[in-house]
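*Asks:* I am attaching a structure below and will ask some questions about it afterwards.
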Amino acid sequence: MNYDQRRAELADFLKTRRLALQPEEVGLPSRASRRTPGLRREDVADLAGISACWYARLEQARNIRVSDQVLNSLAKALRLSADERDYLLALANGDARSSASVPADGVSPALQRILDSQHPHPAFVLGPRFNILAWNQARTDVYGDLTKIPPEHRHMLWLFFGGYMHELIQNWEPSARSVLAKFRAATGSYVHEPWFTTLVSELSQHSPEFHNWWQQHEIERHHATAREVRHPFVGRMVLEESALIVDDCSDRRIILEIPQPGTGTENKLTALSCRPHRVQLRRGTRFGGRPHGNGGTTTADGAARQGSSGSRRSDHP
């Protein structure tokens, strides 16, 4: 396990949370002569009841062991949310789970039937790395055909920061930031794995927004997300996203997208389900940022290629 990477993530998280807090928020007097934003290391140490020198070693990614009692004190001192506290504990405790434990064939037929039963509502399965393992026809109707995308880019971060979802999502920035924060909250146990560092490196080079937001180290796990979709056939739809955990210790989750009441989205999803399964979505660049043919459109003809259901089980873990 790459403990250096884990300690670096822990140090960066503590620092970003410290700099995001103002003295007045924790009952300390404001300091007009301050040169840097946020709290000082000494402030956090005092609030947590630990030595300033010892806390400084944590932010310097030194090799020291930390008890849960101290971590909980730091979480309280830094005003961490429940999600942020869980993330802190996962980083500090060195959970040795591996994302490679997901079955290579994606999902079972029973799990695929669960996805298909949600029609006309989009549904898909996320692996622990946030790659999309399986989906239903409704997901294809709304977002386009994932089989047209390289398997290694069937990943929530690549979809949002690789040039595809930017065209489709009206509230792209809050949606992208939310996905990024959820990814970080869910993958605290995997920061030592090579795929994690490779993914962050590639996206940082590809997307300025990803590069900037990644450094802010935002954490979010259970926040409900409303996504506004600009569809070329039926117009604006608003979908609320919920996650269900697959109870097989694989860290997979089923993502359900439910129409927001009062927006007409339910009727539009029903109308889409009755159309021939051929959706054209604009995409000016393919994944990786290079020109995609002549630009313009990408055709999603999932049902013709995938069978009558139009759903798909990915063979990429």
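In the structure tokens, the first chain shown is A, the next is B, and so on; residue numbers restart at 1 for each chain, and ligands run from 1 in the order shown.
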Mind checking DSSP for range 11-197 of chain A and telling me the strand (DSSP E) residues as a PDB file with N, CA and C atoms, in the first residue's frame?
*Replies:*
ATOM      1  N   ALA A 123     -31.382   4.646 -14.938  1.00  0.00           N
ATOM      2  CA  ALA A 123     -30.756   3.962 -13.810  1.00  0.00           C
ATOM      3  C   ALA A 123     -29.471   3.302 -14.296  1.00  0.00           C
ATOM      4  N   PHE A 124     -28.478   3.264 -13.421  1.00  0.00           N
ATOM      5  CA  PHE A 124     -27.216   2.626 -13.775  1.00  0.00           C
ATOM      6  C   PHE A 124     -26.507   2.171 -12.513  1.00  0.00           C
ATOM      7  N   VAL A 125     -25.479   1.354 -12.692  1.00  0.00           N
ATOM      8  CA  VAL A 125     -24.688   0.838 -11.578  1.00  0.00           C
ATOM      9  C   VAL A 125     -23.299   1.446 -11.624  1.00  0.00           C
ATOM     10  N   LEU A 126     -22.876   1.989 -10.492  1.00  0.00           N
ATOM     11  CA  LEU A 126     -21.527   2.529 -10.357  1.00  0.00           C
ATOM     12  C   LEU A 126     -20.654   1.555  -9.585  1.00  0.00           C
ATOM     13  N   ILE A 132     -19.037   3.329 -14.721  1.00  0.00           N
ATOM     14  CA  ILE A 132     -20.390   2.836 -14.939  1.00  0.00           C
ATOM     15  C   ILE A 132     -20.317   1.396 -15.438  1.00  0.00           C
ATOM     16  N   LEU A 133     -20.901   0.472 -14.681  1.00  0.00           N
ATOM     17  CA  LEU A 133     -20.822  -0.956 -14.983  1.00  0.00           C
ATOM     18  C   LEU A 133     -21.997  -1.463 -15.805  1.00  0.00           C
ATOM     19  N   ALA A 134     -23.166  -0.844 -15.637  1.00  0.00           N
ATOM     20  CA  ALA A 134     -24.364  -1.292 -16.354  1.00  0.00           C
ATOM     21  C   ALA A 134     -25.381  -0.169 -16.331  1.00  0.00           C
ATOM     22  N   TRP A 135     -26.336  -0.206 -17.274  1.00  0.00           N
ATOM     23  CA  TRP A 135     -27.337   0.846 -17.361  1.00  0.00           C
ATOM     24  C   TRP A 135     -28.570   0.313 -18.062  1.00  0.00           C
TER      25      TRP A 135
END
*Asks:* Give the answer as one residue: which of A:Phe233, A:Phe196, A:Tyr55, A:Phe183 has the shortest atom-to-atom distance to Asp141 in chain A, using only C-alpha atoms?
*Replies:* A:Phe233
*Asks:* Determine, counting only C-alpha atoms, which protein, DNA and RNA residues have an atom within 12 Å of an atom of range 10-20 of chain A; residues of the same chain fewer than 6 positions away are not included. Present the result as a ChimeraX atom specification.
*Replies:* /A:3-4,26,35-45,47,55-64,66,71,74-81,84-85,87-94,184-185,188-189,191-192,213-219
*Asks:* Select, from A:Gln205, A:Ser242, A:Ser178, A:Gln112, the residue with the minimum atom-to-atom distance to Leu256 in chain A, counting only C-alpha atoms.
*Replies:*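 Once distances to Leu256 in chain A are computed over only C-alpha atoms, the minimum belongs to A:Ser242.
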*Asks:* Can you pull out every residue within 6 Å of range 147-161 of chain A, counting only C-alpha atoms, but drop anything in the same chain fewer than 6 positions away, and send it as a list in words?
*Replies:* Phe130, Asn131, Ile132 and Ala176 of chain A
*Asks:* So what do you get for CA of Gly162 in chain A versus CA of Val234 in chain A, distance-wise?
*Replies:*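 Separating CA of Gly162 in chain A from CA of Val234 in chain A is a distance of 24.3 Å.
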*Asks:* Would you please give, as a VMD selection string, all residues of range 107-280 of chain A that DSSP assigns to helix (DSSP H, G or I) based on the backbone?
*Replies:* chain A and resid 109 to 116 137 to 143 146 to 148 151 to 153 156 to 161 165 to 168 172 to 186 188 to 190 194 to 206 208 to 214 265 to 274
*Asks:* How would the residues just picked look written out with C-alpha atoms as a compact mmCIF listing (two decimals), in the first residue's frame?
*Replies:*
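And here is the file that came out, result-v5.txt:
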# COMPACT_ATOMS: atom_id res chain seq x y z
CA PRO A 109 -28.60 -10.66 -14.64
CA ALA A 110 -30.76 -10.03 -11.55
CA LEU A 111 -29.15 -6.63 -10.99
CA GLN A 112 -29.63 -5.76 -14.66
CA ARG A 113 -33.33 -6.65 -14.33
CA ILE A 114 -33.58 -4.19 -11.44
CA LEU A 115 -32.20 -1.47 -13.72
CA ASP A 116 -34.57 -2.40 -16.54
CA GLN A 137 -32.43 1.87 -21.95
CA ALA A 138 -33.84 5.00 -20.31
CA ARG A 139 -30.30 6.10 -19.46
CA THR A 140 -29.42 5.73 -23.14
CA ASP A 141 -32.54 7.65 -24.20
CA VAL A 142 -31.63 10.61 -22.00
CA TYR A 143 -27.82 10.74 -22.12
CA LEU A 146 -22.29 4.65 -23.60
CA THR A 147 -21.10 1.93 -25.96
CA LYS A 148 -19.85 4.74 -28.23
CA PRO A 151 -14.66 1.62 -21.75
CA GLU A 152 -11.96 3.40 -19.74
CA HIS A 153 -13.92 6.65 -20.06
CA MET A 156 -18.56 9.72 -13.96
CA LEU A 157 -15.62 12.12 -13.77
CA TRP A 158 -14.69 11.64 -17.42
CA LEU A 159 -18.32 12.10 -18.45
CA PHE A 160 -18.51 15.42 -16.62
CA PHE A 161 -15.00 16.77 -17.19
CA MET A 165 -21.91 16.27 -20.16
CA HIS A 166 -21.03 19.96 -20.46
CA GLU A 167 -23.24 20.19 -23.55
CA LEU A 168 -26.11 18.26 -22.00
CA TRP A 172 -23.23 21.75 -15.19
CA GLU A 173 -21.01 23.45 -12.61
CA PRO A 174 -22.95 22.52 -9.44
CA SER A 175 -23.60 19.04 -10.86
CA ALA A 176 -19.92 18.50 -11.72
CA ARG A 177 -18.74 19.77 -8.34
CA SER A 178 -21.23 17.49 -6.60
CA VAL A 179 -20.05 14.43 -8.56
CA LEU A 180 -16.44 15.30 -7.77
CA ALA A 181 -17.16 15.71 -4.04
CA LYS A 182 -19.07 12.41 -3.96
CA PHE A 183 -16.23 10.64 -5.77
CA ARG A 184 -13.73 11.91 -3.25
CA ALA A 185 -15.91 10.95 -0.29
CA ALA A 186 -16.42 7.43 -1.65
CA GLY A 188 -10.91 7.70 0.54
CA SER A 189 -9.97 4.04 1.01
CA TYR A 190 -8.50 3.78 -2.49
CA PRO A 194 -2.43 3.38 -9.04
CA TRP A 195 -5.69 3.92 -10.95
CA PHE A 196 -6.62 6.72 -8.52
CA THR A 197 -3.45 8.76 -9.00
CA THR A 198 -3.51 8.14 -12.77
CA LEU A 199 -7.12 9.31 -13.05
CA VAL A 200 -6.47 12.49 -11.04
CA SER A 201 -3.33 13.25 -13.06
CA GLU A 202 -5.04 12.79 -16.44
CA LEU A 203 -8.12 14.82 -15.53
CA SER A 204 -6.00 17.59 -14.00
CA GLN A 205 -4.16 17.95 -17.30
CA HIS A 206 -7.35 17.74 -19.35
CA PRO A 208 -8.88 23.34 -15.74
CA GLU A 209 -12.10 23.11 -13.71
CA PHE A 210 -11.17 19.69 -12.39
CA HIS A 211 -7.66 20.87 -11.55
CA ASN A 212 -8.95 23.86 -9.58
CA TRP A 213 -11.81 22.10 -7.79
CA TRP A 214 -9.72 19.06 -6.89
CA THR A 265 -40.17 15.50 -16.73
CA GLU A 266 -42.21 12.33 -16.16
CA ASN A 267 -44.22 12.92 -19.34
CA LYS A 268 -41.08 13.72 -21.31
CA LEU A 269 -39.36 10.52 -20.17
CA THR A 270 -42.45 8.55 -21.20
CA ALA A 271 -42.43 10.27 -24.59
CA LEU A 272 -38.74 9.41 -25.05
CA SER A 273 -39.40 5.77 -24.23
CA CYS A 274 -41.92 5.61 -27.08
*Asks:* To one decimal in Å, tell me the separation between CA of Ala48 in chain A and CA of Glu24 in chain A.
*Replies:* 16.3 Å
*Asks:* Using Å and a single decimal, report how far CA of Asp83 in chain A sits from CA of Ser30 in chain A.
*Replies:*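 For CA of Ser30 in chain A relative to CA of Asp83 in chain A, the distance reads 28.1 Å.
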